[in-house]
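Raw coords-v2.txt, compact mmCIF, C-alpha atoms:
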```
# COMPACT_ATOMS: atom_id res chain seq x y z
CA MET A 1 -26.82 22.82 -40.69
CA ASP A 2 -29.33 20.38 -42.06
CA ARG A 3 -31.71 18.32 -40.05
CA ARG A 4 -29.62 15.17 -40.24
CA SER A 5 -26.49 16.76 -38.78
CA ILE A 6 -28.50 18.33 -35.97
CA ILE A 7 -29.93 14.95 -35.03
CA LEU A 8 -26.50 13.37 -35.36
CA GLY A 9 -24.92 16.09 -33.22
CA ALA A 10 -27.56 15.70 -30.53
CA GLY A 11 -26.99 11.98 -30.53
CA VAL A 12 -23.22 12.39 -30.11
CA ALA A 13 -23.73 14.94 -27.31
CA ALA A 14 -26.15 12.61 -25.53
CA SER A 15 -23.76 9.68 -25.70
CA LEU A 16 -20.90 11.86 -24.43
CA LEU A 17 -23.09 12.97 -21.53
CA ALA A 18 -23.94 9.38 -20.77
CA LEU A 19 -20.23 8.62 -20.59
CA LEU A 20 -19.39 11.47 -18.23
CA PRO A 21 -20.50 10.10 -14.87
CA LYS A 22 -18.64 6.90 -15.62
CA ALA A 23 -15.35 8.74 -16.05
CA ALA A 24 -14.99 8.96 -12.27
CA ARG A 25 -15.55 5.22 -11.83
CA ALA A 26 -13.30 2.26 -12.12
CA THR A 27 -14.28 0.01 -14.97
CA PRO A 28 -13.96 -3.75 -15.33
CA GLN A 29 -10.93 -2.90 -17.49
CA ALA A 30 -9.34 -0.78 -14.73
CA ALA A 31 -9.93 -3.62 -12.25
CA ALA A 32 -8.36 -6.12 -14.65
CA ASP A 33 -5.40 -3.79 -15.27
CA LEU A 34 -4.79 -3.45 -11.54
CA LEU A 35 -4.94 -7.22 -11.05
CA GLY A 36 -2.44 -7.52 -13.90
CA LYS A 37 -0.07 -5.31 -11.90
CA LEU A 38 -0.66 -7.12 -8.61
CA VAL A 39 -0.10 -10.65 -9.90
CA LYS A 40 1.90 -12.12 -12.74
CA GLY A 41 0.02 -14.68 -14.80
CA THR A 42 -3.55 -15.64 -15.56
CA PRO A 43 -5.61 -16.79 -12.58
CA GLN A 44 -7.91 -19.77 -13.00
CA PRO A 45 -11.37 -19.86 -11.46
CA GLY A 46 -11.82 -21.80 -8.23
CA ARG A 47 -10.58 -22.42 -4.67
CA ILE A 48 -11.90 -19.08 -3.37
CA ARG A 49 -15.17 -18.45 -1.57
CA LEU A 50 -16.34 -14.85 -1.47
CA LEU A 51 -18.95 -14.20 1.17
CA ALA A 52 -20.86 -10.93 0.91
CA PRO A 53 -24.52 -9.96 0.95
CA ASP A 54 -26.31 -10.16 -2.43
CA ILE A 55 -27.90 -6.82 -1.62
CA ALA A 56 -26.10 -4.31 0.60
CA ASP A 57 -28.29 -1.56 2.06
CA ASN A 58 -25.30 0.59 2.93
CA GLY A 59 -22.40 0.75 0.50
CA ALA A 60 -20.22 2.43 3.14
CA ALA A 61 -19.72 -0.81 5.06
CA VAL A 62 -20.30 -4.04 3.20
CA PRO A 63 -19.12 -7.13 5.09
CA LEU A 64 -16.83 -9.31 3.02
CA THR A 65 -15.07 -12.58 3.77
CA VAL A 66 -12.54 -14.14 1.42
CA ALA A 67 -11.73 -17.78 2.16
CA VAL A 68 -9.22 -19.76 0.12
CA GLU A 69 -9.11 -23.54 0.12
CA SER A 70 -5.59 -24.43 1.26
CA PRO A 71 -3.93 -26.73 3.80
CA MET A 72 -1.67 -23.79 4.81
CA THR A 73 1.37 -26.05 5.27
CA ASP A 74 4.98 -25.01 4.64
CA ALA A 75 4.84 -26.68 1.23
CA ASP A 76 1.36 -25.62 0.16
CA HIS A 77 -0.09 -22.33 1.35
CA VAL A 78 -1.61 -19.05 0.24
CA THR A 79 0.98 -16.27 0.07
CA ALA A 80 -1.33 -13.38 -0.82
CA ILE A 81 -4.94 -12.42 -1.39
CA HIS A 82 -5.88 -9.36 -3.45
CA VAL A 83 -9.36 -7.84 -3.57
CA VAL A 84 -10.55 -5.34 -6.20
CA ALA A 85 -13.95 -3.87 -7.06
CA ASP A 86 -14.87 -2.89 -10.59
CA GLY A 87 -17.23 0.03 -9.94
CA ASN A 88 -15.46 2.18 -7.34
CA PRO A 89 -13.60 5.43 -8.18
CA SER A 90 -10.42 3.33 -8.02
CA PRO A 91 -10.45 -0.46 -8.19
CA GLY A 92 -8.09 -1.42 -5.32
CA VAL A 93 -9.58 -2.65 -2.03
CA ILE A 94 -6.98 -4.60 -0.06
CA SER A 95 -3.99 -6.91 -0.47
CA VAL A 96 -2.92 -9.20 2.36
CA ARG A 97 0.17 -11.36 2.82
CA LEU A 98 -0.29 -14.73 4.47
CA GLY A 99 1.81 -17.78 5.28
CA PRO A 100 1.67 -21.22 6.91
CA HIS A 101 1.61 -19.62 10.39
CA ASN A 102 -1.91 -18.35 9.64
CA GLY A 103 -3.34 -21.88 9.67
CA LYS A 104 -6.38 -20.80 7.68
CA ALA A 105 -6.48 -18.62 4.56
CA GLU A 106 -9.43 -16.44 5.42
CA VAL A 107 -9.77 -12.69 5.84
CA SER A 108 -12.84 -10.65 6.80
CA LEU A 109 -13.32 -6.92 6.51
CA ARG A 110 -15.83 -4.21 5.70
CA ILE A 111 -15.54 -2.44 2.37
CA ARG A 112 -16.99 0.54 0.52
CA LEU A 113 -18.91 0.00 -2.70
CA ALA A 114 -19.93 3.05 -4.74
CA ALA A 115 -22.61 1.22 -6.70
CA SER A 116 -23.84 -2.22 -7.60
CA GLU A 117 -20.65 -3.84 -8.83
CA LYS A 118 -18.46 -6.89 -8.93
CA VAL A 119 -16.02 -7.75 -6.15
CA ILE A 120 -13.09 -9.84 -7.36
CA ALA A 121 -10.53 -11.76 -5.29
CA VAL A 122 -7.31 -13.37 -6.50
CA ALA A 123 -5.20 -15.74 -4.38
CA GLU A 124 -1.50 -16.41 -4.93
CA MET A 125 -0.24 -19.81 -3.85
CA LYS A 126 3.22 -20.95 -2.79
CA ASP A 127 3.61 -22.94 -6.03
CA GLY A 128 2.91 -19.78 -8.05
CA SER A 129 -0.59 -20.76 -9.13
CA LEU A 130 -3.27 -18.06 -9.14
CA TRP A 131 -6.96 -18.46 -8.39
CA ILE A 132 -9.81 -16.05 -8.95
CA ALA A 133 -13.43 -15.64 -7.88
CA SER A 134 -15.93 -12.82 -8.15
CA ARG A 135 -19.26 -11.87 -6.71
CA ASP A 136 -21.87 -9.31 -7.71
CA VAL A 137 -23.11 -7.13 -4.89
CA ALA A 138 -26.16 -4.92 -5.38
CA VAL A 139 -25.86 -1.67 -3.44
CA THR A 140 -28.88 0.39 -2.37
CA VAL A 141 -26.97 3.48 -1.17
CA GLY A 142 -23.43 4.01 -2.49
CA GLY A 143 -20.61 4.34 0.00
CA CYS A 144 -17.91 6.53 -1.46
CA GLY A 145 -19.32 9.87 -0.34
CA ALA A 146 -18.87 11.33 -3.82
CA ASN A 147 -21.69 13.83 -3.20
CA MET B 1 -7.17 13.70 15.53
CA ALA B 2 -4.50 11.33 16.78
CA GLN B 3 -5.96 11.10 20.28
CA ASP B 4 -9.21 9.78 18.80
CA ILE B 5 -7.49 6.75 17.32
CA GLN B 6 -8.54 3.74 19.33
CA PRO B 7 -7.19 0.30 18.33
CA ARG B 8 -9.14 -2.75 19.45
CA ILE B 9 -8.00 -6.36 19.32
CA ARG B 10 -10.03 -9.45 20.06
CA ILE B 11 -8.79 -13.03 20.37
CA PRO B 12 -10.41 -16.01 22.10
CA SER B 13 -9.94 -16.11 25.89
CA GLN B 14 -8.98 -19.80 26.00
CA ILE B 15 -6.53 -21.06 23.42
CA ARG B 16 -5.18 -24.58 23.05
CA MET B 17 -1.67 -25.27 21.75
CA GLY B 18 -1.74 -25.44 17.97
CA GLU B 19 -5.28 -24.09 17.68
CA VAL B 20 -6.07 -21.83 14.73
CA ILE B 21 -7.66 -18.71 16.20
CA GLU B 22 -9.39 -15.74 14.64
CA VAL B 23 -7.77 -12.38 15.41
CA LYS B 24 -10.19 -9.47 15.08
CA THR B 25 -8.82 -5.96 14.77
CA LEU B 26 -10.45 -2.56 14.55
CA VAL B 27 -9.07 0.94 14.67
CA THR B 28 -11.20 4.07 14.89
CA HIS B 29 -10.28 6.12 11.84
CA GLU B 30 -12.41 8.04 9.37
CA MET B 31 -10.60 6.59 6.30
CA GLU B 32 -11.14 9.80 4.33
CA SER B 33 -11.31 8.46 0.79
CA GLY B 34 -10.22 11.59 -1.07
CA GLN B 35 -13.43 11.38 -3.13
CA ARG B 36 -15.69 13.28 -0.77
CA ARG B 37 -16.47 17.00 -1.12
CA ASP B 38 -17.00 19.35 1.82
CA SER B 39 -19.91 21.83 2.06
CA ASN B 40 -17.97 24.29 -0.15
CA GLY B 41 -17.56 21.71 -2.88
CA ALA B 42 -13.83 21.28 -2.30
CA LEU B 43 -12.38 17.77 -2.32
CA VAL B 44 -11.46 16.60 1.17
CA PRO B 45 -7.89 15.27 0.91
CA ARG B 46 -7.33 11.55 1.24
CA ARG B 47 -6.26 10.33 4.63
CA ILE B 48 -6.52 6.63 5.35
CA ILE B 49 -4.84 3.85 7.26
CA ASN B 50 -2.84 2.35 4.41
CA ARG B 51 -1.17 -0.56 6.19
CA LEU B 52 -1.77 -2.98 9.02
CA THR B 53 0.86 -5.39 10.26
CA CYS B 54 0.85 -8.01 13.00
CA SER B 55 3.82 -9.83 14.46
CA TYR B 56 3.75 -12.76 16.88
CA ASN B 57 6.67 -12.73 19.34
CA GLY B 58 8.56 -10.59 16.84
CA ARG B 59 7.83 -12.67 13.73
CA PRO B 60 5.65 -11.03 11.04
CA VAL B 61 2.46 -13.07 10.62
CA PHE B 62 0.08 -10.76 8.80
CA GLU B 63 0.34 -7.75 6.56
CA ALA B 64 -2.39 -5.81 4.76
CA ALA B 65 -2.20 -2.93 2.28
CA LEU B 66 -5.43 -0.95 2.51
CA GLU B 67 -7.02 1.26 -0.15
CA PRO B 68 -9.70 3.94 0.31
CA ALA B 69 -12.30 1.25 -0.47
CA VAL B 70 -11.85 -0.12 3.06
CA SER B 71 -14.65 1.23 5.29
CA ALA B 72 -14.20 3.84 8.01
CA ASN B 73 -13.05 2.36 11.34
CA PRO B 74 -11.35 -0.44 9.45
CA TYR B 75 -12.23 -3.87 10.79
CA ILE B 76 -9.92 -6.65 9.62
CA ALA B 77 -10.01 -10.20 10.89
CA PHE B 78 -7.55 -12.99 10.06
CA PHE B 79 -6.43 -16.34 11.40
CA LEU B 80 -3.35 -17.42 13.28
CA ARG B 81 -1.97 -20.74 14.49
CA ALA B 82 -1.30 -20.38 18.22
CA THR B 83 2.04 -22.11 18.82
CA GLU B 84 3.32 -20.31 21.92
CA SER B 85 2.35 -17.81 24.57
CA GLY B 86 3.63 -14.30 24.15
CA THR B 87 2.66 -11.04 22.51
CA LEU B 88 0.95 -9.96 19.33
CA ASP B 89 2.13 -6.54 18.16
CA PHE B 90 -0.12 -4.59 15.81
CA ALA B 91 0.77 -1.46 13.84
CA TRP B 92 -1.54 0.68 11.72
CA THR B 93 0.13 3.23 9.42
CA ASP B 94 -1.68 6.49 8.63
CA ASP B 95 -1.22 8.37 5.33
CA ASP B 96 0.38 11.18 7.38
CA GLY B 97 3.09 8.76 8.54
CA THR B 98 1.79 8.25 12.07
CA VAL B 99 1.93 4.66 13.28
CA TYR B 100 -0.66 3.56 15.82
CA ARG B 101 0.41 0.52 17.84
CA ALA B 102 -1.34 -2.00 20.05
CA LYS B 103 -0.23 -5.10 21.92
CA GLN B 104 -2.23 -8.17 22.80
CA SER B 105 -0.91 -10.84 25.09
CA ILE B 106 -1.67 -14.36 24.01
CA LYS B 107 -1.78 -17.26 26.43
CA VAL B 108 -1.65 -20.74 24.98
CA GLY B 109 -2.71 -23.49 27.39
```
Please render this file's structure as structure tokens.
Amino acid sequence: MDRRSIILGAGVAASLLALLPKAARATPQAAADLLGKLVKGTPQPGRIRLLAPDIADNGAAVPLTVAVESPMTDADHVTAIHVVADGNPSPGVISVRLGPHNGKAEVSLRIRLAASEKVIAVAEMKDGSLWIASRDVAVTVGGCGAN
Amino acid sequence: MAQDIQPRIRIPSQIRMGEVIEVKTLVTHEMESGQRRDSNGALVPRRIINRLTCSYNGRPVFEAALEPAVSANPYIAFFLRATESGTLDFAWTDDDGTVYRAKQSIKVG
């Protein structure tokens, strides 16, 4: 084995090692794939406000509010909101079904974030249109109890 | 475990006809994610509340499908247009099939 192949081999091994911890995490691709299964079509940006802290001390319980701009009438209302996170072991967070009887398209909950990652929400409207918004949340201590 | 499950519901005490109110729900549950390892290094099996439903005088008004990324003691709040007095029925479904139920009377003035 000459010097070049040793260096090359070490480089390959190092990059494989770097990939390993990520294998257990959802990726932006996994999050996008899941959204592709949850909704049919391409969401456009807008109409959703995602409220969450910029920096969460405790990833085990990060407060999150998803509010969608909608009159919530029989003719024009939000039918579903889906939330995914792109850095958790699996990307799904919650899906809720809503209707005009809700009066206001807003849901609050506390979620787990394994690391600093992006939280993404998609809203489905009665007319079939899809809206998307995302927010980066920095996490000091991860909340998935992987260790 | 089941006897530790404690559902809590909160709605405003005074509600006007047609008012949009916030309904706050919480159920005590560890939401075991299935990612955690015990002291022997074995994966602790997943056990979460995977579904929450609410009906208002028998009509479904809210439904949520929860994943392990929802925090322990899942707190979920949503809105509801108060159109009549009556009862809100809540049901949380555990991975093991158990359904925990709670009722909240609603008085619209």
_Nearest-residue call for Ala26 of chain A, choices A:Ile94, A:Ala85, A:Leu50, A:Val122, using all atoms listed in the file_ =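 Among A:Ile94, A:Ala85, A:Leu50, A:Val122, it is A:Ala85 that comes nearest to Ala26 of chain A.
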_Top pick for closest residue to chain A, considering B:Trp92, B:Arg36, B:Ile106, B:Gly86 and counting all atoms listed in the file_ =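 The closest residue to chain A is B:Arg36.
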Write out as a Markdown table a residue-level contact list of segment 44-131 of chain A versus segment 59-73 of chain B with cut-off 6 Å: for each qualifying residue the closest pair of atoms and the distance in Å to one decimal, counting all atoms listed in the file, rows sorted by chain and residue number upward.
```
| residue | atom | partner | partner_atom | distance |
| --- | --- | --- | --- | --- |
| A:Ala61 | CA | B:Ser71 | CA | 5.5 |
| A:Gly92 | CA | B:Glu67 | CA | 5.9 |
| A:Val93 | CA | B:Ala69 | CA | 5.0 |
| A:Ile94 | CA | B:Leu66 | CA | 4.7 |
| A:Ser95 | CA | B:Ala65 | CA | 5.2 |
| A:Val96 | CA | B:Ala64 | CA | 4.2 |
| A:Arg97 | CA | B:Glu63 | CA | 5.2 |
| A:Leu98 | CA | B:Phe62 | CA | 5.9 |
| A:Arg110 | CA | B:Ser71 | CA | 5.6 |
| A:Ile111 | CA | B:Val70 | CA | 4.4 |
| A:Arg112 | CA | B:Ala69 | CA | 4.8 |
```
_Among listed residues B:Leu80, B:Ala91, B:Ile5, B:Val99, nearest chain A (using only C-alpha atoms)_ = B:Leu80
*Rounded to one decimal place, report the atom CA of Pro12 of chain B-atom CA of Ser105 of chain B distance in Å.*
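So the two atoms, atom CA of Pro12 of chain B and atom CA of Ser105 of chain B, lie 11.2 Å apart.
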*State, in Å with one decimal place, the distance from atom CA of Ile48 of chain B to atom CA of Gly34 of chain B.*
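Between these atoms lies a distance of 8.9 Å.
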Would you compute an axis-aligned box for segment 86-93 of chain B, covering every atom listed for it in the file with 5 Å of margin on each side, and report centre and edge lengths in Å to one decimal as AutoDock Vina command-line options?
```
--center_x 1.0 --center_y -5.5 --center_z 16.8 --size_x 15.2 --size_y 27.5 --size_z 24.7
```
*Restrict the distance test to only C-alpha atoms, flag each residue of chain A within 12 Å of chain B, and return the flagged residues as a PyMOL selection string.*
chain A and resi 24-26+38+58-67+72-73+79-114+119+142-147
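You will find atom CA of Ala75 of chain A at 27.4 Å from atom CA of Gly109 of chain B.
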*Write out as a PyMOL selection string which residues come within 9 Å of Pro43 of chain A when counting only C-alpha atoms, dropping same-chain ones fewer than 4 positions away.*
chain A and resi 39+122-124+129-132
*Polymer residues at most 6 Å from (-3.9, -22.1, 26.3) by all atoms listed in the file, as a list of chain:residue names*: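 Protein, DNA and RNA residues close to (-3.9, -22.1, 26.3): B:Gln14, B:Ile15, B:Arg16, B:Met17, B:Lys107, B:Val108, B:Gly109.
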Using only C-alpha atoms, please write the residues we just selected to a file, as a PDB file, in the frame of the given file.
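Okay, this is what ended up in out-v4.pdb:
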```pdb
ATOM      1  CA  GLN B  14      -8.980 -19.800  26.000  1.00  0.00           C
ATOM      2  CA  ILE B  15      -6.530 -21.060  23.420  1.00  0.00           C
ATOM      3  CA  ARG B  16      -5.180 -24.580  23.050  1.00  0.00           C
ATOM      4  CA  MET B  17      -1.670 -25.270  21.750  1.00  0.00           C
ATOM      5  CA  LYS B 107      -1.780 -17.260  26.430  1.00  0.00           C
ATOM      6  CA  VAL B 108      -1.650 -20.740  24.980  1.00  0.00           C
ATOM      7  CA  GLY B 109      -2.710 -23.490  27.390  1.00  0.00           C
TER       8      GLY B 109
END
```
*Compare B:Glu84, B:Ile49, B:Cys54, B:Thr28 by their minimum atom-to-atom distance to Gly97 of chain B, counting all atoms listed in the file, and give me the closest one.*
B:Ile49
